[in-house]
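Undergrad: Quick one: the structure is below, questions incoming.
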Amino acid sequence: MRLSEYFLPVLRENPQEAQIVSHRLMLRAGMVRQSSAGIYSWLPLGTRVLLRIAQVVREEMDAAGCQEVLMPTIQPAELWRQSGRYDGYGKEMLRFRDRHDREMLYGPTNEEQITEIFRDSVKSYRDLPKNLYHIQWKFRDEVRPRFGVMRGREFLMKDGYSFDWDYVGAKKSYDNMFLAYLKTFARLGLVAIPMRADTGQIGGDLSHEFQILAETGESEVFYDLAFDSLRAAPHPDMVAELQSIYAATEEKHDPASCPVAPERLRRARGIEIGHIFYFGTKYSAALGAIVTGPDGEQRPVESGSYGIGVSRLVGAIIEASHDANGIIWPDSVAPFKVGLINLKAGDAACDRACGEMEAALTRAAVSVLHDDRDERAGAKFATMDLIGLPWQVIIGPKAAQAGRVELKHRKTGERQELSPEAALQRLAG
Ligand code: ATP
Ligand code: MG
């Protein structure tokens with residue numbers, strides 16, 4: 001992709017309305033634009049990141065045995081009356097009527113919807129377990145939308161739902177998701193701490209929030225300092241271990257009954273990027289999702305729900321990975337892997353070397369954004385640093401003559417001069 005043709009409306013100045021760094025950088029890097037409070041349009045660069053995050057989430061859910069579906073954003077009020085949540089949800093729910101005067105709502109979550117789908121098709125324990133998820137827009141009319149996409153009103157969520165015959169199966173499904181979440185967040189370059197959490201509107205009694213630590217986080221969190229040194233790659237044995245180490249959000253934390261000695265207890269701020277709940281038969285009983293067991297016994301199915309804030313993650317990743325010059329994308333979600341900078345557009349040798357480099361990277365299936373604009377070098381460096389692509393290939397007239405390129409690693413700032421072939425080899429690896 002050539003930057004001269006790309007829609008990348010970067011801002012030179014810090015936007016007044018943004019209070020936290022991720023919001024500032026997303027606006028400055030031309031990733032999103034606000035439509036109304038808490039509602040955003042995603043521009044090309046932001047869309048690429050959002051879709052890449054969704055894809056990592058999808059791959060990890062599929063690897064954990066979940067199946068993707070796609071449920072609507074608009075739901076009938078009637079369904080929520082059956083679960084008893086229609087009135088309780090209050091002003092956060094956006095409600096309206098269709099032309100036939102039927103009450104509708106824009107879904108803030110999908111427990112009712114998935115339970116209805118399940119109820120109408122599954123009758124026997126033999127069809128269990130099942131775990132279905134979708135990646136879909138949600139609407140919650142938050143009192144105070146803020147921090148850009150971190151607390152939006154319209155936001156993209158992965159929400160999944162498990163169905164099991166009994167508690168033993170349901171806990172297994174819960175632990176399976178617990179592990180899948182650790183893997184997902186690790187792939188996104190994040191260290192997420194699973195914390196005992198309040199079950200709020202969803203209901204139920206077993207629940208973990210996955211929080212990343214950040215000064216700008218909205219939650220106050222408390223955890224055993226053992227979490228500070230846990231950096232191993234996620235594996236199944238970790239589930240029980242992590243569930244046994246104390247960590248809790250402020251709603252759940254009770255200083256009077258906290259089992260952690262004061263000198264081991266860390267207090268910090270966190271961003272909630274995922275939340276898992278076991279809620280048993282709360283929705284299946286209300287909506288009549290009944291299955292028949294091995295000896296003819298009929299019971300409401302055992303369920304849990306599992307959310308990941310896909311659009312919030314875009315901001316959360318930036319909070320966790322940036323410097324004074326801009327964003328630093330982890331490879332797994334970077335909108336392009338390489339930013340190619342032509343230091344002197346119009347110079348024949350430079351143009352040729354850059355054209356060849358772009359073509360070679362494209363052939364090697366390495367995504368590249370080629371800054372071919374006629375701009376000052378300083379402005380080009382600043383834009384590339386701002387948008388945070390993991391690698392920069394810089395080609396000026398002298399280097400082009402000598403058949404050399406400069407390779408810069410955005411994260412470490414390390415620079416190296418080498419041949420185009422050697423650079424390609426590094427980038428395609
Ligand atoms: P919060 O406590 O932050 O309001 P929640 O507990 O109400 O979130 P859940 O119902 O657990 O949210 O939703 C699952 C995930 O969706 C959350 O872990 C979070 O990452 C994301 N999410 C929730 N609300 C928002 C929002 N207003 N904007 C962006 N992402 C959100
Ligand atoms: Mg939550």
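Chain identifiers are assigned as A, B, and so on, following the order in which chains appear in the structure tokens; residues are numbered from 1 within each chain, and ligands are numbered from 1 in order of appearance.
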For ligand 1, collect every residue having any atom at a distance of at most 7 Å from a ligand atom (counting only C-alpha atoms and all ligand atoms); output as a ChimeraX atom specification.
TA: /A:140,142,145,149-155,157,209,272-275,307-312
Undergrad: Fewer than 6 positions away in the same chain doesn't count, so skip those; otherwise give me all residues within 8 Å of Ala289 of chain A, counting only C-alpha atoms, as a list in words.
TA: Thr115, Glu116, Phe118, Arg119, Asp120, Tyr283, Pro300 and Val301 of chain A
Undergrad: Taking the DSSP assignment computed from this structure's backbone, write out as number ranges by chain all residues of segment 147-380 of chain A that belong to helix (DSSP H, G or I).
TA: A: 148-150, 167-187, 200-202, 225-229, 238-244, 255-257, 262-264, 282-287, 310-320, 348-363, 377-380
Undergrad: Please list as an NGL selection string every residue within 8 Å of His253 of chain A, counting only C-alpha atoms and excluding residues in the same chain fewer than 5 positions away.
TA: :A and (222 or 248 or 258)
Undergrad: Hey, what's within 12 Å of Tyr125 of chain A if we count only C-alpha atoms and toss same-chain stuff fewer than 5 positions away? As a list in words, please?
TA: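 These residues fall inside the cut-off: Lys130, Phe163, Asp164, Trp165, Asp166, Gly169, Ala289, Ile290, Val291, Thr292, Gly293, Pro294, Asp295, Gly296, Glu297, Gln298, Arg299, Pro300, Val301 and Glu302 of chain A.
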Undergrad: Quick check for you: according to DSSP on this backbone, which residues of segment 9-44 of chain A are classed as strand (DSSP E or B)? Reply as a list in words.
TA: Val32, Arg33, Gln34, Ser35, Ser36, Ile39, Tyr40, Ser41 and Trp42 of chain A
Undergrad: So, with only C-alpha atoms and all ligand atoms as the atoms that count, which of A:Asp254, A:Glu220, A:Thr412, A:His208 lies closest to ligand 2?
TA: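 Selected residue with least distance to ligand 2: A:His208.
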Undergrad: Using only C-alpha atoms, can you tell me which of A:Gln416, A:Asp159, A:Val69, A:Phe227 comes closest to Glu241 of chain A?
TA: A:Phe227
Undergrad: Which neighbours of Gly304 of chain A fall inside 6 Å, counting only C-alpha atoms, when residues of the same chain fewer than 5 positions from it are skipped, and could you give them as a list in words?
TA: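 So the residues in contact are Tyr161, Ser162, Phe277, Tyr278 and Phe279 of chain A.
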Undergrad: Those selected residues, please, written with C-alpha atoms and delivered as a PDB file, in the first residue's frame.
TA:
ATOM      1  CA  TYR A 161     -21.619 -19.320  25.726  1.00  0.00           C
ATOM      2  CA  SER A 162     -21.088 -22.866  26.986  1.00  0.00           C
ATOM      3  CA  PHE A 277     -18.878 -16.224  34.231  1.00  0.00           C
ATOM      4  CA  TYR A 278     -20.332 -19.515  35.313  1.00  0.00           C
ATOM      5  CA  PHE A 279     -24.026 -18.907  35.988  1.00  0.00           C
TER       6      PHE A 279
END
Undergrad: Find the residue from A:Glu414, A:Glu358, A:Asp62, A:Glu218 that sits nearest to ligand 2; use only C-alpha atoms and all ligand atoms when measuring.
TA: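 Between A:Glu414, A:Glu358, A:Asp62, A:Glu218, the residue approaching ligand 2 most closely is A:Glu218.
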Undergrad: Can you pull out every residue within 7 Å of segment 80-94 of chain A, counting only C-alpha atoms, but drop anything in the same chain fewer than 3 positions away, and send it as an NGL selection string?
TA: :A and (77 or 105-106 or 108 or 112 or 140-142 or 283 or 286-287)
Undergrad: Go ahead and write the residues just picked, all heavy atoms, as a compact mmCIF listing (two decimals), in the first residue's frame.
TA:
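Output file selection.txt follows:
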# COMPACT_ATOMS: atom_id res chain seq x y z
N ALA A 77 -37.79 -7.31 22.77
CA ALA A 77 -37.89 -7.10 24.22
C ALA A 77 -38.48 -8.33 24.91
O ALA A 77 -38.10 -8.68 26.04
CB ALA A 77 -38.77 -5.88 24.50
N LEU A 105 -34.74 -3.92 21.14
CA LEU A 105 -33.59 -3.33 21.83
C LEU A 105 -32.33 -3.64 21.06
O LEU A 105 -32.30 -4.58 20.26
CB LEU A 105 -33.49 -3.89 23.26
CG LEU A 105 -33.36 -5.41 23.39
CD1 LEU A 105 -31.91 -5.82 23.60
CD2 LEU A 105 -34.22 -5.89 24.56
N TYR A 106 -31.31 -2.82 21.27
CA TYR A 106 -30.00 -3.09 20.68
C TYR A 106 -29.24 -3.89 21.73
O TYR A 106 -29.03 -3.41 22.84
CB TYR A 106 -29.28 -1.77 20.37
CG TYR A 106 -28.11 -1.94 19.43
CD1 TYR A 106 -28.10 -1.33 18.17
CD2 TYR A 106 -27.00 -2.70 19.78
CE1 TYR A 106 -27.02 -1.47 17.31
CE2 TYR A 106 -25.92 -2.86 18.91
CZ TYR A 106 -25.94 -2.24 17.69
OH TYR A 106 -24.88 -2.40 16.83
N PRO A 108 -27.14 -5.52 24.48
CA PRO A 108 -25.94 -5.22 25.27
C PRO A 108 -25.12 -6.48 25.52
O PRO A 108 -23.96 -6.41 25.96
CB PRO A 108 -26.52 -4.67 26.58
CG PRO A 108 -27.88 -5.28 26.70
CD PRO A 108 -28.35 -5.62 25.30
N GLU A 112 -29.72 -14.34 26.48
CA GLU A 112 -31.10 -14.75 26.16
C GLU A 112 -31.18 -15.32 24.75
O GLU A 112 -31.77 -16.36 24.50
CB GLU A 112 -32.05 -13.55 26.28
CG GLU A 112 -32.40 -13.14 27.69
CD GLU A 112 -31.34 -12.30 28.39
OE1 GLU A 112 -30.26 -12.07 27.80
OE2 GLU A 112 -31.58 -11.88 29.53
N ARG A 140 -24.35 -0.28 24.83
CA ARG A 140 -24.71 -0.01 26.21
C ARG A 140 -24.66 1.50 26.38
O ARG A 140 -23.62 2.11 26.12
CB ARG A 140 -23.75 -0.69 27.19
CG ARG A 140 -23.81 -2.21 27.10
CD ARG A 140 -22.88 -2.87 28.10
NE ARG A 140 -22.87 -4.32 27.90
CZ ARG A 140 -22.07 -5.16 28.55
NH1 ARG A 140 -21.21 -4.70 29.45
NH2 ARG A 140 -22.13 -6.45 28.31
N ASP A 141 -25.77 2.04 26.82
CA ASP A 141 -25.85 3.49 26.92
C ASP A 141 -25.17 3.92 28.22
O ASP A 141 -25.83 4.35 29.17
CB ASP A 141 -27.32 3.93 26.86
CG ASP A 141 -27.45 5.36 26.35
OD1 ASP A 141 -26.41 6.06 26.25
OD2 ASP A 141 -28.58 5.78 26.05
N GLU A 142 -23.84 3.79 28.23
CA GLU A 142 -23.04 4.09 29.42
C GLU A 142 -23.30 5.53 29.89
O GLU A 142 -23.41 6.44 29.07
CB GLU A 142 -21.55 3.96 29.08
CG GLU A 142 -21.13 2.59 28.55
CD GLU A 142 -20.76 1.64 29.66
OE1 GLU A 142 -20.75 2.05 30.84
OE2 GLU A 142 -20.47 0.46 29.36
N TYR A 283 -30.32 -18.76 33.04
CA TYR A 283 -31.10 -18.47 31.83
C TYR A 283 -31.83 -19.69 31.30
O TYR A 283 -32.93 -19.58 30.77
CB TYR A 283 -30.19 -17.87 30.75
CG TYR A 283 -29.58 -16.59 31.24
CD1 TYR A 283 -28.29 -16.57 31.79
CD2 TYR A 283 -30.30 -15.41 31.25
CE1 TYR A 283 -27.75 -15.41 32.31
CE2 TYR A 283 -29.77 -14.25 31.76
CZ TYR A 283 -28.49 -14.25 32.30
OH TYR A 283 -27.97 -13.10 32.82
N ALA A 286 -35.06 -20.10 33.23
CA ALA A 286 -36.04 -19.06 32.90
C ALA A 286 -36.62 -19.22 31.49
O ALA A 286 -37.80 -18.98 31.26
CB ALA A 286 -35.40 -17.68 33.04
N LEU A 287 -35.78 -19.65 30.56
CA LEU A 287 -36.22 -19.74 29.16
C LEU A 287 -36.59 -21.16 28.75
O LEU A 287 -36.95 -21.41 27.60
CB LEU A 287 -35.12 -19.21 28.22
CG LEU A 287 -34.83 -17.72 28.36
CD1 LEU A 287 -33.50 -17.35 27.73
CD2 LEU A 287 -35.94 -16.90 27.71
Undergrad: With only C-alpha atoms as the atoms that count, which of A:Lys344, A:His134, A:Arg97, A:Arg126 lies nearest to Cys66 of chain A?
TA: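 For Cys66 of chain A, the nearest of the candidates is A:His134.
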Undergrad: Quick one: residues within 9 Å of segment 177-184 of chain A, only C-alpha atoms counted, chain neighbours fewer than 2 positions away excluded, as a PyMOL selection string?
TA: chain A and resi 56-57+59-61+63-64+172-175+186-194+208+210+233-236+238-239+274+276+306+308
Undergrad: Restrict the selected residues to C-alpha atoms and save them as a short mmCIF file (atom, residue, chain, number, x, y, z; two decimals), in the first residue's frame.
TA:
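Below is the file that was written, selection19.cif:
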data_model
loop_
_atom_site.label_atom_id
_atom_site.label_comp_id
_atom_site.auth_asym_id
_atom_site.auth_seq_id
_atom_site.Cartn_x
_atom_site.Cartn_y
_atom_site.Cartn_z
CA VAL A 56 -6.51 -13.72 17.00
CA VAL A 57 -9.52 -14.09 19.29
CA GLU A 59 -8.33 -18.51 16.18
CA GLU A 60 -7.95 -19.10 19.91
CA MET A 61 -11.67 -19.74 20.39
CA ALA A 63 -8.59 -23.93 18.85
CA ALA A 64 -10.39 -24.32 22.19
CA LYS A 172 -14.49 -27.93 32.71
CA SER A 173 -15.85 -25.59 30.04
CA TYR A 174 -15.11 -22.62 32.31
CA ASP A 175 -11.51 -23.74 32.86
CA ALA A 186 -0.47 -13.66 25.54
CA ARG A 187 -0.68 -13.67 21.73
CA LEU A 188 -1.77 -10.04 21.86
CA GLY A 189 1.40 -9.23 23.80
CA LEU A 190 -0.48 -8.59 27.04
CA VAL A 191 0.00 -9.87 30.57
CA ALA A 192 -3.52 -10.34 31.90
CA ILE A 193 -4.18 -11.13 35.54
CA PRO A 194 -7.29 -13.23 36.21
CA HIS A 208 -13.01 -13.96 36.70
CA PHE A 210 -8.92 -10.53 33.06
CA ALA A 233 3.59 -19.45 28.47
CA PRO A 234 0.01 -20.55 29.22
CA HIS A 235 -0.48 -24.28 29.72
CA PRO A 236 -3.32 -26.36 31.22
CA MET A 238 -1.67 -23.11 35.14
CA VAL A 239 -5.44 -22.89 35.41
CA GLY A 274 -12.18 -10.01 29.36
CA ILE A 276 -15.87 -15.06 32.23
CA TYR A 306 -17.33 -15.49 28.19
CA ILE A 308 -13.67 -10.21 25.40
#
